[in-house]
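Engineer: Got a structure for you, written out below as structure tokens; questions coming shortly.
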Amino acid sequence: MIYKDFQDRSGIRATLEYFLRANDDHEHAMGNIVFVQGSAISDDPISINTDGTAEVNLDELVAEFEQQAGLYVGTNRDGKLYNHSTLTLRYEDSLTDKQWAEVIEEFQAGMGYEFDNSLFCGGIHKEKKNLHLHIGACRVDSDGKLISKHNHYEKAQRVRDRICQKFGLTAPENSFDFLSKNASNDHLDFVSLDKARGNKFNKDFSYVDERNLIRTKIKQVFEHDKPSTITDYVKSLKKRGVTIEAREDKVGECMGISYKLKGSDKSHSGSNISSTHASWGSLLNPERKGLNYHPARDNPTLGLTGIRVKVKVTKKQVSTIKRLRLNVIVRRYEGQYYADLAFRCGDVEMLAEAIMEMILKTLALIFCGGYARTYTPLELSRSIIEHDTNNETVYDGSDIQQCMQNVMTDAMTWKDEDSDTTQDLCFGWDKTA
């Protein structure tokens, strides 16, 4: 059984039309479509006439879904409150209609859709090969809360494995448990599915083999090299013919990574290789790979030169920054306010780390012993931007003296300390360094 998520949608009618009615966009005859009640109370929208023809009336079902969505009391701005997903069997597997009814309830419960507190239904498509079930669901529960999709692919694979064991179905190897050359992280066994349909392989399928090979090499790195830092990981993979390309923001902070095999013209994002073993977030997550990341040490190895430092500021200083519309980004994290100071520190690993240490020490003096630290990826992802700018100031760390002078001059427009005292502190540190 293979799970596929088609992402959230702002309306439900088109989704229900797609999988409960034969149409040009979906090559299914009405005789091959069976409605699955799920937790819906609406009658079966498909009725068969005496002459064998079928009629479909979705009005009652659509109204039920829209009424459920109307309970929402949150602030989801995009209005995408409906989800569409599928469960597809291998061509040698099958389930009865009654078993499908059990499957949809068990699967949706595992995804957070409790039967008595949520709304979902399905449509079985009885093709000659690859029997599959479409699921339409409202993400709003009966309390008006949005049902979480956090780690939904991982949850789907876990509950899918239980269902496969219960009904004797075939399940692809679980990419959340281990990496291997056969692990499928695309959530669809594309090659097997295409074989079952009797089609020729799509040209994109050649990239499946590349991703499998990269997974194998990642597995070897963690089994044999046991990296503890991002730099260790990058260097170990490079020895095995895999390079890592970092995606950066305008300052040079790492926003994600891609993998590329030696001699290939295609890069594969970490989430496409394995969202829980190879993505940027999973590499740093202590519950996954737990690699240590220090920007000053690891960014040069990733081909990045930017460092972002957070300096704790007061509400009054935040107000000043906003009022003057300064080119300073301000974030809020766990009740505290921080001003972003962005630096570029060169591309030599040891030099960048030494420069960063000097910058942090000098910033502490500029802000009278204040809090100055580099952001962790978790802090960046969970912080709320209070003040943004299209022209963020980025300082050149190659000349520490001039760099700190520029920081001090800019900071004087919003910090409260006496400028002469701060200047003495700054240059007193530089002379003894």
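The way I read the labels, and the way they are meant: chains A, B, ... in the order of the structure tokens, residue 1 as the first residue of every chain, and ligand 1 as the first ligand shown, with later ones counted on from there.
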Tell me which protein, DNA and RNA residues are within 9 Å of Glu92 in chain A, counting only C-alpha atoms, leaving out same-chain ones fewer than 3 positions away, and put them as a list in words.
Structural biologist: Leu89, Lys129, Asn130, Leu169 and Thr170 of chain A
Engineer: Which neighbours of Lys155 in chain A fall inside 8 Å, counting only C-alpha atoms, when residues of the same chain fewer than 4 positions from it are skipped, and could you give them as a list in words?
Structural biologist: Gly110, Met111, Asn151 and Val159 of chain A
Engineer: Check the smallest atom-to-atom distance from each of A:Gly31, A:Glu386, A:Leu302, A:Met1 to Gly52 in chain A using only C-alpha atoms, then report the winner.
Structural biologist: A:Gly31
Engineer: What's around Ser94 in chain A at 12 Å? Count only C-alpha atoms, leave out sequence neighbours fewer than 6 positions away in its own chain, and write the answer as a ChimeraX atom specification.
Structural biologist: /A:1,87-88,100,124-133,164,167-170
Engineer: Could you please take those selected residues and save C-alpha atoms as a PDB file, in the first residue's frame?
Structural biologist:
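Output file out25.pdb follows:
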```pdb
ATOM      1  CA  MET A   1       0.000   0.000   0.000  1.00  0.00           C
ATOM      2  CA  LEU A  87      -4.032   4.800  -0.691  1.00  0.00           C
ATOM      3  CA  THR A  88      -2.920   2.566  -3.579  1.00  0.00           C
ATOM      4  CA  TRP A 100     -11.774  -0.598   2.655  1.00  0.00           C
ATOM      5  CA  ILE A 124     -12.767   3.215  -4.241  1.00  0.00           C
ATOM      6  CA  HIS A 125     -11.561   2.936  -7.824  1.00  0.00           C
ATOM      7  CA  LYS A 126     -11.744  -0.698  -8.913  1.00  0.00           C
ATOM      8  CA  GLU A 127      -9.268  -0.809 -11.731  1.00  0.00           C
ATOM      9  CA  LYS A 128      -7.964  -4.040 -13.171  1.00  0.00           C
ATOM     10  CA  LYS A 129      -4.611  -3.239 -11.585  1.00  0.00           C
ATOM     11  CA  ASN A 130      -3.698  -1.098  -8.606  1.00  0.00           C
ATOM     12  CA  LEU A 131      -6.940  -0.906  -6.668  1.00  0.00           C
ATOM     13  CA  HIS A 132      -6.906   2.442  -4.859  1.00  0.00           C
ATOM     14  CA  LEU A 133      -8.903   4.643  -2.506  1.00  0.00           C
ATOM     15  CA  CYS A 164      -0.673  -3.813   5.731  1.00  0.00           C
ATOM     16  CA  PHE A 167      -4.759  -7.255   6.073  1.00  0.00           C
ATOM     17  CA  GLY A 168      -1.749  -9.057   4.614  1.00  0.00           C
ATOM     18  CA  LEU A 169      -0.882  -6.312   2.128  1.00  0.00           C
ATOM     19  CA  THR A 170       2.457  -5.359   0.603  1.00  0.00           C
TER      20      THR A 170
END
```
Engineer: How far is it from CA of His387 in chain A to CA of Val330 in chain A, in Å with one decimal?
Structural biologist: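 One can read the CA of His387 in chain A to CA of Val330 in chain A distance as 5.0 Å.
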Engineer: Please identify all polymer residues within 8 Å of Leu20 in chain A, counting only C-alpha atoms, omitting same-chain residues fewer than 6 positions from it, and present them as a count of residues only.
Structural biologist: 6
Engineer: So, with only C-alpha atoms as the atoms that count, which of A:Leu95, A:Ile214, A:Val309, A:Val140 lies closest to Leu81 in chain A?
Structural biologist: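 Closest candidate: A:Val140.
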Engineer: What does the structure give for the distance between CA of Ile385 in chain A and CA of Thr276 in chain A, in Å to one decimal?
Structural biologist: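 These atoms are spaced 27.0 Å apart.
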Engineer: Given only C-alpha atoms as the basis, pick out the residue of A:Lys219, A:Arg139, A:His224, A:Lys310 nearest to Tyr82 in chain A.
Structural biologist: A:Arg139
Engineer: Would you pick out the contacts of Leu284 in chain A at 12 Å or less, using only C-alpha atoms, so that residues sharing its chain but fewer than 3 positions from it are not included, and give the list as a ChimeraX atom specification?
Structural biologist: /A:227-230,233,256,276-281,287-294,376-378
Engineer: Please return as JSON, numbers by chain: the residues of range 283-354 of chain A that backbone DSSP assigns to helix (DSSP H, G or I).
Structural biologist: {"A": [283, 284, 295, 296, 297, 298, 315, 316, 317, 318, 319, 320, 321, 322, 323, 324, 349, 350, 351, 352, 353, 354]}
Engineer: Smallest atom-to-atom distance to Arg13 in chain A: which of A:Thr75, A:Thr413, A:Asn83, A:Asn272, using only C-alpha atoms?
Structural biologist: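 With only C-alpha atoms as the atom set, the closest residue is A:Asn83.
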Engineer: Tell me, as an NGL selection string, which residues lie within 12 Å of Gly270 in chain A, counting only C-alpha atoms; anything in the same chain fewer than 3 positions away does not count.
Structural biologist: :A and (185-186 or 211 or 214-215 or 218 or 243-247 or 255-260 or 267 or 273-283)
Engineer: Could you take the residues named above and write them with N, CA and C atoms, as a compact mmCIF listing (two decimals), in the first residue's frame?
Structural biologist:
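Output file again-v2.txt is given in full below:
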```txt
# COMPACT_ATOMS: atom_id res chain seq x y z
N ASN A 185 11.33 7.29 -0.68
CA ASN A 185 10.98 8.45 0.12
C ASN A 185 10.05 9.39 -0.64
N ASP A 186 9.68 9.02 -1.85
CA ASP A 186 8.78 9.86 -2.62
C ASP A 186 7.34 9.52 -2.33
N ARG A 211 18.60 8.86 -6.68
CA ARG A 211 18.23 9.10 -5.29
C ARG A 211 18.50 7.87 -4.43
N ILE A 214 22.20 7.74 -3.73
CA ILE A 214 22.58 8.75 -2.73
C ILE A 214 22.17 8.29 -1.33
N ARG A 215 20.98 7.69 -1.21
CA ARG A 215 20.55 7.16 0.10
C ARG A 215 21.52 6.11 0.60
N ILE A 218 24.59 7.82 1.91
CA ILE A 218 24.32 8.47 3.20
C ILE A 218 24.31 7.43 4.31
N THR A 243 28.23 15.43 -3.70
CA THR A 243 28.46 16.80 -3.22
C THR A 243 27.16 17.39 -2.69
N ILE A 244 27.30 18.31 -1.75
CA ILE A 244 26.13 18.98 -1.16
C ILE A 244 26.13 20.44 -1.58
N GLU A 245 25.00 20.89 -2.06
CA GLU A 245 24.82 22.28 -2.44
C GLU A 245 23.84 22.92 -1.46
N ALA A 246 24.24 24.01 -0.85
CA ALA A 246 23.38 24.67 0.14
C ALA A 246 22.58 25.78 -0.52
N ARG A 247 21.32 25.88 -0.14
CA ARG A 247 20.47 27.00 -0.58
C ARG A 247 20.54 28.06 0.51
N MET A 255 19.39 27.63 4.14
CA MET A 255 17.94 27.43 4.20
C MET A 255 17.54 26.02 3.80
N GLY A 256 18.49 25.23 3.32
CA GLY A 256 18.22 23.87 2.88
C GLY A 256 19.37 23.36 2.05
N ILE A 257 19.40 22.05 1.77
CA ILE A 257 20.50 21.48 1.01
C ILE A 257 19.99 20.55 -0.08
N SER A 258 20.84 20.38 -1.11
CA SER A 258 20.58 19.44 -2.19
C SER A 258 21.80 18.56 -2.36
N TYR A 259 21.57 17.38 -2.95
CA TYR A 259 22.63 16.40 -3.16
C TYR A 259 22.83 16.17 -4.66
N LYS A 260 24.07 15.93 -5.05
CA LYS A 260 24.37 15.73 -6.46
C LYS A 260 25.44 14.65 -6.62
N SER A 267 20.41 17.88 -9.42
CA SER A 267 20.49 17.98 -7.97
C SER A 267 19.16 17.53 -7.36
N ILE A 273 15.37 13.17 -1.09
CA ILE A 273 16.21 12.00 -0.78
C ILE A 273 15.62 11.26 0.41
N SER A 274 15.42 11.96 1.50
CA SER A 274 14.76 11.41 2.68
C SER A 274 14.46 12.55 3.63
N SER A 275 13.17 12.81 3.85
CA SER A 275 12.79 13.95 4.69
C SER A 275 13.17 13.76 6.14
N THR A 276 13.47 12.52 6.56
CA THR A 276 13.85 12.30 7.95
C THR A 276 15.29 11.81 8.12
N HIS A 277 16.04 11.74 7.03
CA HIS A 277 17.43 11.31 7.14
C HIS A 277 18.39 12.23 6.39
N ALA A 278 17.90 12.98 5.41
CA ALA A 278 18.82 13.73 4.56
C ALA A 278 18.46 15.20 4.42
N SER A 279 17.29 15.61 4.87
CA SER A 279 16.93 17.03 4.78
C SER A 279 17.74 17.83 5.81
N TRP A 280 17.81 19.13 5.59
CA TRP A 280 18.58 20.00 6.48
C TRP A 280 18.04 19.91 7.91
N GLY A 281 16.74 19.95 8.05
CA GLY A 281 16.15 19.88 9.39
C GLY A 281 16.42 18.57 10.09
N SER A 282 16.34 17.45 9.35
CA SER A 282 16.54 16.14 9.97
C SER A 282 18.01 15.93 10.38
N LEU A 283 18.93 16.51 9.63
CA LEU A 283 20.35 16.37 9.99
C LEU A 283 20.66 17.05 11.32
```
Engineer: With only C-alpha atoms as the atoms that count, which of A:Gly79, A:Glu55, A:Lys361, A:Glu60 lies nearest to Gly11 in chain A?
Structural biologist: A:Gly79
Engineer: So what do you get for CA of Ala22 in chain A versus CA of Phe107 in chain A, distance-wise?
Structural biologist: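 These two atoms are separated by 25.4 Å.
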Engineer: Using DSSP on the backbone coordinates, identify the residues of range 52-127 of chain A assigned to strand (DSSP E); present them as a list in words.
Structural biologist: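 Answer for range 52-127 of chain A, restricted to strand (DSSP E): Ala54, Glu55, Val56, Tyr82, Asn83, His84, Ser85, Thr86, Leu87, Thr88, Leu119, Phe120, Cys121, Gly122, Gly123, Ile124 and His125 of chain A.
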Engineer: Go through A:Leu237, A:Ser142, A:Asp388, A:Lys149 one by one, measure the shortest atom-to-atom distance of each to Thr216 in chain A using only C-alpha atoms, and give the residue with the smallest value.
Structural biologist: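 Of all the options, A:Leu237 lies closest to Thr216 in chain A.
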